[in-house]
Amino acid sequence: MTDLYAFGIGLAGTDAAGNVLDCFFPAPLKTPAPELADLIRECFGVGVTTTNAETVTRFIDRCGSAQAPLAALLEGDRPLTSVRLDSDGPIASVPEAYLKLHLLSHRLALPNTQNLDGIFAHLPNVAWTSDGPLAVNDLPTARIRARVSGRPLEVFAVDKFPKMTNYVVPPGVRIADASRVRLGAYLGEGTTVMPEGQINFNAGAIGPSMVEGRISQGVVVGAHSDLGGGCSTMGTLSGGGEIVISIGEHCLIGANGGTGIPLGDRCTIAAGVYITAGTPVLVLDENGNEIGRVRARELAGASDLLFIQNGTNGRIECRTNRKAIALNEQLHAHN
Amino acid sequence: MTDLYAFGIGLAGTDAAGNVLDCFFPAPLKTPAPELADLIRECFGVGVTTTNAETVTRFIDRCGSAQAPLAALLEGDRPLTSVRLDSDGPIASVPEAYLKLHLLSHRLALPNTQNLDGIFAHLPNVAWTSDGPLAVNDLPTARIRARVSGRPLEVFAVDKFPKMTNYVVPPGVRIADASRVRLGAYLGEGTTVMPEGQINFNAGAIGPSMVEGRISQGVVVGAHSDLGGGCSTMGTLSGGGEIVISIGEHCLIGANGGTGIPLGDRCTIAAGVYITAGTPVLVLDENGNEIGRVRARELAGASDLLFIQNGTNGRIECRTNRKAIALNEQLHAHN
Amino acid sequence: MTDLYAFGIGLAGTDAAGNVLDCFFPAPLKTPAPELADLIRECFGVGVTTTNAETVTRFIDRCGSAQAPLAALLEGDRPLTSVRLDSDGPIASVPEAYLKLHLLSHRLALPNTQNLDGIFAHLPNVAWTSDGPLAVNDLPTARIRARVSGRPLEVFAVDKFPKMTNYVVPPGVRIADASRVRLGAYLGEGTTVMPEGQINFNAGAIGPSMVEGRISQGVVVGAHSDLGGGCSTMGTLSGGGEIVISIGEHCLIGANGGTGIPLGDRCTIAAGVYITAGTPVLVLDENGNEIGRVRARELAGASDLLFIQNGTNGRIECRTNRKAIALNEQLHAHN
């Protein structure tokens with residue numbers, strides 16, 4: 001038998017015309033074990049199909065506790081959607097896009113490991129409201145109807161991507177403002193996202209991590225690394241160009257700082273300092289002696305670096321930095 | 001006949017004492033054509049008046065499809081409010097303020113083209129809740145009542161200005177976190193506001209535009225210009241003084257950068273660089289030769305400029321920059 | 001009689017297993033007058049106890065108008081929780097933590113004046129939803145149930161700290177995005193928090209103040225001081241180390257600027273400039289003559305300072321600044 005890339009049984013949201021707006025998968029699977037993959041192939045067709053309670057019941061009974069959350073899906077009489085992806089091809093439908101975004105947020109796939117081609121083209125722009133997802137074209141009428149009947153209709157966002165927490169909250173995380181973490185964000189155990197933190201889809205932190213800055217699409221932050229308030233990581237979609245930015249372990253980007261190059265382990269960028277690929281940098285050894293002058297891109301991925309701007313002459317300097325960032329244990333504790 | 005500046009039929013929210021908290025206009029009009037203006041003058045009194053279903057029905061029947069959305073307003077039995085502004089005078093009531101804010105967000109008026117005098121004085125501070133707008137003084141009792149009955153009452157904001165999306169979402173935009181875009185923001189077709197983007201009232205982007213920074217009151221961003229994550233534009237209400245800041249077309253302000261001067265077309269400010277009016281700037285020609293030293297305010301409104309901070313000596317430099325900002329087409333696509 | 005530190009009658013939120021998730025105190029008291037303290041000791045046991053309507057009615061009748069808001073608590077049949085803290089000891093339970101956080105947001109205690117030891121250990125991580133607070137472990141099932149029944153369940157945050165506005169909004173404030181102000185924030189009269197503003201627990205602004213930046217845990221901003229958009233104040237929990245940061249009166253931190261040292265009165269940090277304790281600073285007198293070179297920490301707490309980065313040579317300079325920050329009166333007005 002060939003591999004099975006991913007599978008999920010979900011509940012789709014649709015507009016009046018039947019267009020799919022979103023799809024919720026309570027227990028998605030990635031590369032299931034051969035026996036389970038065989039069972040999936042036996043019960044469900046390839047790609048996106050509408051399934052029924054009988055089939056899902058049979059599936060749950062046979063595949064055991066891992067799929068137990070699905071039982072609750074059967075309590076309603078809504079049609080269920082199954083998505084079976086035999087391989088990791090480009091995205092061709094809304095349910096497929098949502099399944100791959102769920103894999104990321106369920107920690108089943110790391111950022112940059114999935115084929116997300118076509119995701120912008122296939123995800124519709126949706127009004128995310130207190131009545132659930134609405135087609136953007138249906139919003140004006142829905143708003144008037146609600147208002148006339150004295151019922152509030154809150155519109156939280158109008159976007160292709162929903163907030164993650166409405167679909168899944170992986171264990172051991174805190175998220176102070178859920179509107180800043182998109183479905184498709186990867187939050188490892190021990191990740192705390194403060195109100196100024198932000199995590200895009202296909203991006204994330206391995207954890208533990210204190211995230212008070214922005215993790216752009218494609219960026220991964222390693223274990224025990226902290227992003228200071230308002231700091232920036234350049235994404236490939238927005239200015240970072242071809243270089244995929246990653247942050248190693250035990251790094252710190254200070255408040256309002258930023259990076260346009262990937263960092264290795266135990267690196268620090270001082271508060272307020274922004275390093276772009278083209279920034280000229282004076283490199284100093286641990287005794288403060290000049291080693292050379294480079295563009296920051298030549299330091300990409302290196303470890304044990306401290307970037308500062310020298311307050312006496314404005315130079316961007318890179319010094320050896322052997323002091324690891326001590327995470328505040330109390331802040332990172334979760335119950 | 002004289003001109004008619006603006007008109008709207010709306011639904012007002014009030015507190016128990018009858019004070020107006022907000023007013024929702026589904027289909028506001030600005031400088032309607034003479035025939036329509038005559039009809040409005042025939043049907044509705046000048047200023048703010050309470051109108052009835054009969055009058056509105058007659059109006060809709062006679063003015064055709066443009067006002068069709070109003071029909072849904074008649075499905076309830078709530079009193080309707082008409083606001084007829086014969087000229088663009090100072091704001092003297094809550095419905096007038098809301099009508100002018102609607103004109104901006106409906107793309108019927110550009111920022112800085114309306115008389116908004118008196119808006120702060122007339123807009124009440126309102127608790128924006130999951131039960132709709134509440135008078136701030138009524139909030140404590142409402143909160144206890146809800147809590148005692150086991151019903152959640154979410155307080156999203158306490159502010160004079162509501163979020164735009166609860167009143168209107170103009171076509172072809174995305175807004176990742178609606179709490180950051182106030183009613184009165186102008187979002188042109190193709191504007192995407194990311195979670196870190198923010199647009200105040202009487203401010204906006206002509207679009208298409210990727211807005212990951214803050215557009216302050218009075219600031220307009222031209223077509224095909226992008227604001228990087230966390231970047232700042234100084235507003236006249238908060239530090240920018242008398243200069244009205246505007247950003248031309250095909251500009252880019254890098255992440256965590258900012259400007260206190262207006263920019264012409266095809267200008268770039270590098271990530272992390274903040275240009276204020278008084279910043280001393282070394283101007284270089286396209287060959288890198290020094291042209292002169294100026295305060296940034298002397299460069300206000302000029303085009304084809306690239307502002308950087310030289311990493312070798314901390315100087316703020318302005319270089320000729322002929323490379324236009326290429327917007328990422330995929331990111332800007334809307335369905 | 002000895003003093004009584006604090007007292008509150010509240011309504012606790014619990015999960016199905018009876019674990020306390022939050023506690024709402026409509027009218028908390030701090031160091032009540034001796035007669036009231038005696039009455040409290042007579043009616044309520046020490047620490048956290050479950051109380052009944054009869055006891056609370058008797059208490060309200062005898063203590064007069066200050067506790068009138070409590071009457072509404074009796075309209076339901078939910079059990080009430082009383083918290084009587086005879087002294088300001090470490091936090092040992094959820095209701096105690098919530099009482100102390102309420103004292104801050106009710107302006108009964110200034111930041112850094114209470115013993116908050118143990119607060120992280122005792123506060124549970126809670127899913128803050130449109131159905132109210134839920135235990136994080138109960139969220140997956142609640143989400144499926146809601147979705148199956150076609151009912152939206154919005155998850156606003158997953159955090160130990162809730163947003164302040166769901167518990168109290170002190171008079172005379174505006175908060176554009178309530179998800180950025182935690183319970184335990186202290187907002188003095190005349191404080192406006194813009195969408196980019198953020199205030200942590202045990203932190204705040206004396207007011208009046210325009211807060212468009214981040215007030216970290218432990219930081220207090222003095223009267224008539226403004227925080228520009230996206231500016232940063234280092235907190236003791238996140239990089240500020242042992243120094244408690246405070247901002248004096250009539251200060252301004254410019255947009256995207258920041259400070260790692262406490263500031264006295266009438267200080268300004270220019271937009272985009274970040275001062276950390278170790279920043280080397282050239283000090284100039286009012287005639288622009290060099291006085292000396294220091295590390296910024298040596299200027300901690302001093303008044304009448306202007307910090308800039310010199311655009312011609314990148315030096316961080318500190319100049320005497322005698323021009324007070326004029327708050328924009330219109331912006332700060334509240335009705």
# chains A, B, ... in the order shown; residues from 1 in each chain; ligands from 1
call {"tool": "residues_around", "arguments": {"residues": "Ser93 of chain C", "least_positions_apart": "6", "cutoff": "10 Å", "atoms": "only C-alpha atoms", "output": "PyMOL selection string"}}
result
chain C and resi 20+47-48+118-119+121-124
call {"tool": "select_by_dssp", "arguments": {"residues": "segment 236-312 of chain C", "states": "helix (DSSP H, G or I)", "output": "list in words"}}
result
Ala296, Arg297, Glu298 and Leu299 of chain C
call {"tool": "residues_around", "arguments": {"residues": "Glu290 of chain A", "least_positions_apart": "5", "cutoff": "10 Å", "atoms": "only C-alpha atoms", "output": "PyMOL selection string"}}
result
chain A and resi 282-285+317-319
call {"tool": "interface_residues", "arguments": {"of": "chain A", "to": "chain C", "cutoff": "7 Å", "atoms": "only C-alpha atoms", "output": "compact mmCIF listing (two decimals) with N, CA and C atoms, in the first residue's frame"}}
result
# COMPACT_ATOMS: atom_id res chain seq x y z
N ALA A 72 -18.74 12.96 18.87
CA ALA A 72 -19.60 14.11 19.15
C ALA A 72 -20.13 14.74 17.86
N LEU A 73 -19.42 14.55 16.77
CA LEU A 73 -19.88 15.10 15.49
C LEU A 73 -21.19 14.47 15.05
N GLU A 75 -23.69 13.75 16.87
CA GLU A 75 -24.85 14.14 17.68
C GLU A 75 -25.79 15.07 16.91
N GLY A 76 -25.28 15.71 15.88
CA GLY A 76 -26.15 16.57 15.09
C GLY A 76 -26.59 15.86 13.82
N ARG A 78 -26.07 17.34 10.81
CA ARG A 78 -25.44 18.06 9.72
C ARG A 78 -24.61 17.11 8.85
N SER A 130 -20.25 37.04 14.98
CA SER A 130 -20.84 36.38 16.16
C SER A 130 -21.94 35.41 15.76
N ASP A 131 -22.36 35.42 14.51
CA ASP A 131 -23.28 34.40 13.99
C ASP A 131 -22.51 33.31 13.26
N GLY A 132 -21.20 33.29 13.36
CA GLY A 132 -20.39 32.33 12.64
C GLY A 132 -19.93 32.90 11.32
N THR A 165 -7.98 29.72 17.42
CA THR A 165 -8.63 29.21 18.64
C THR A 165 -10.06 28.74 18.41
N ASN A 166 -10.69 29.19 17.32
CA ASN A 166 -12.05 28.70 17.05
C ASN A 166 -12.04 27.29 16.49
N ARG A 174 -0.71 29.69 25.96
CA ARG A 174 -1.56 30.81 26.33
C ARG A 174 -1.56 31.80 25.17
N ILE A 175 -2.72 32.38 24.92
CA ILE A 175 -2.88 33.32 23.81
C ILE A 175 -3.73 34.48 24.33
N ALA A 176 -3.11 35.63 24.53
CA ALA A 176 -3.81 36.73 25.19
C ALA A 176 -4.86 37.37 24.29
N ASP A 177 -4.61 37.39 22.99
CA ASP A 177 -5.56 37.99 22.06
C ASP A 177 -5.64 37.09 20.83
N ALA A 178 -6.69 36.28 20.81
CA ALA A 178 -6.78 35.21 19.81
C ALA A 178 -6.92 35.74 18.39
N PRO A 195 -0.46 40.03 24.18
CA PRO A 195 -1.35 40.80 23.29
C PRO A 195 -0.64 41.35 22.05
N ALA A 255 12.63 44.14 22.25
CA ALA A 255 11.42 44.89 21.91
C ALA A 255 11.69 45.85 20.76
N ASN A 256 10.76 45.91 19.82
CA ASN A 256 10.82 46.81 18.67
C ASN A 256 12.02 46.56 17.75
N ALA A 271 17.14 45.55 21.82
CA ALA A 271 15.87 46.27 21.65
C ALA A 271 16.06 47.42 20.68
N GLY A 272 15.13 47.58 19.75
CA GLY A 272 15.14 48.70 18.84
C GLY A 272 16.05 48.58 17.65
N GLY A 311 25.81 53.13 20.68
CA GLY A 311 25.22 54.44 20.94
C GLY A 311 26.18 55.60 20.79
N THR A 312 27.49 55.31 20.72
CA THR A 312 28.44 56.41 20.60
C THR A 312 28.70 56.79 19.15
N ASN A 313 28.43 55.88 18.22
CA ASN A 313 28.72 56.20 16.82
C ASN A 313 27.72 55.61 15.83
N GLY A 314 26.66 55.00 16.33
CA GLY A 314 25.60 54.53 15.45
C GLY A 314 25.93 53.28 14.65
N ASN A 328 12.04 33.34 31.88
CA ASN A 328 11.45 33.51 33.21
C ASN A 328 10.54 32.32 33.48
N GLN A 330 8.60 31.42 35.86
CA GLN A 330 7.25 31.64 36.36
C GLN A 330 6.29 31.97 35.22
N ASN A 335 -0.54 25.43 33.92
CA ASN A 335 -1.18 24.33 34.67
C ASN A 335 -2.15 23.61 33.73
call {"tool": "residues_around", "arguments": {"residues": "Ala223 of chain B", "least_positions_apart": "2", "cutoff": "6 Å", "atoms": "only C-alpha atoms", "output": "ChimeraX atom specification"}}
result
/B:206-208,225,249
call {"tool": "residues_around", "arguments": {"residues": "Gly45 of chain C", "least_positions_apart": "4", "cutoff": "8 Å", "atoms": "only C-alpha atoms", "output": "ChimeraX atom specification"}}
result
/C:41,49,84
call {"tool": "write_last_selection", "arguments": {"atoms": "C-alpha atoms", "output": "PDB file, in the first residue's frame"}}
result
ATOM      1  CA  ARG C  41     -15.604  40.456  60.391  1.00  0.00           C
ATOM      2  CA  THR C  49     -15.891  31.314  51.943  1.00  0.00           C
ATOM      3  CA  ARG C  84     -11.856  38.594  53.405  1.00  0.00           C
TER       4      ARG C  84
END
call {"tool": "select_by_dssp", "arguments": {"residues": "segment 76-185 of chain A", "states": "strand (DSSP E or B)", "output": "number ranges by chain"}}
result
A: 80-85, 126-129, 132-135, 155-159, 163, 173-175, 181-182, 185
call {"tool": "residues_around", "arguments": {"residues": "Gly8 of chain C", "least_positions_apart": "4", "cutoff": "7 Å", "atoms": "only C-alpha atoms", "output": "PDB file with C-alpha atoms, in the first residue's frame"}}
result
ATOM      1  CA  PHE C  25     -16.422  41.425  42.451  1.00  0.00           C
ATOM      2  CA  ALA C  27     -17.794  46.442  44.618  1.00  0.00           C
ATOM      3  CA  PRO C  28     -14.477  45.427  46.187  1.00  0.00           C
ATOM      4  CA  LEU C  29     -13.226  47.219  49.286  1.00  0.00           C
ATOM      5  CA  SER C  82     -16.803  36.219  50.006  1.00  0.00           C
ATOM      6  CA  VAL C  83     -13.114  36.965  50.238  1.00  0.00           C
ATOM      7  CA  ARG C  84     -11.856  38.594  53.405  1.00  0.00           C
ATOM      8  CA  LEU C  99      -9.859  40.361  44.378  1.00  0.00           C
TER       9      LEU C  99
END
call {"tool": "atom_distance", "arguments": {"atom1": "atom CA of Arg107 of chain B", "atom2": "atom CA of Asp3 of chain B"}}
result
19.5 Å
call {"tool": "closest_residue", "arguments": {"among": "C:Glu54, C:Ile308, C:Val46, C:Leu103", "to": "Ser87 of chain C", "atoms": "only C-alpha atoms"}}
result
C:Val46
call {"tool": "closest_residue", "arguments": {"among": "B:Pro133, B:Thr50, B:Glu42, B:Asp117", "to": "Leu21 of chain B", "atoms": "only C-alpha atoms"}}
result
B:Pro133
call {"tool": "atom_distance", "arguments": {"atom1": "atom CA of Leu4 of chain B", "atom2": "atom CA of Ala205 of chain B"}}
result
26.7 Å
call {"tool": "atom_distance", "arguments": {"atom1": "atom CA of Thr51 of chain A", "atom2": "atom CA of Leu80 of chain A"}}
result
5.4 Å
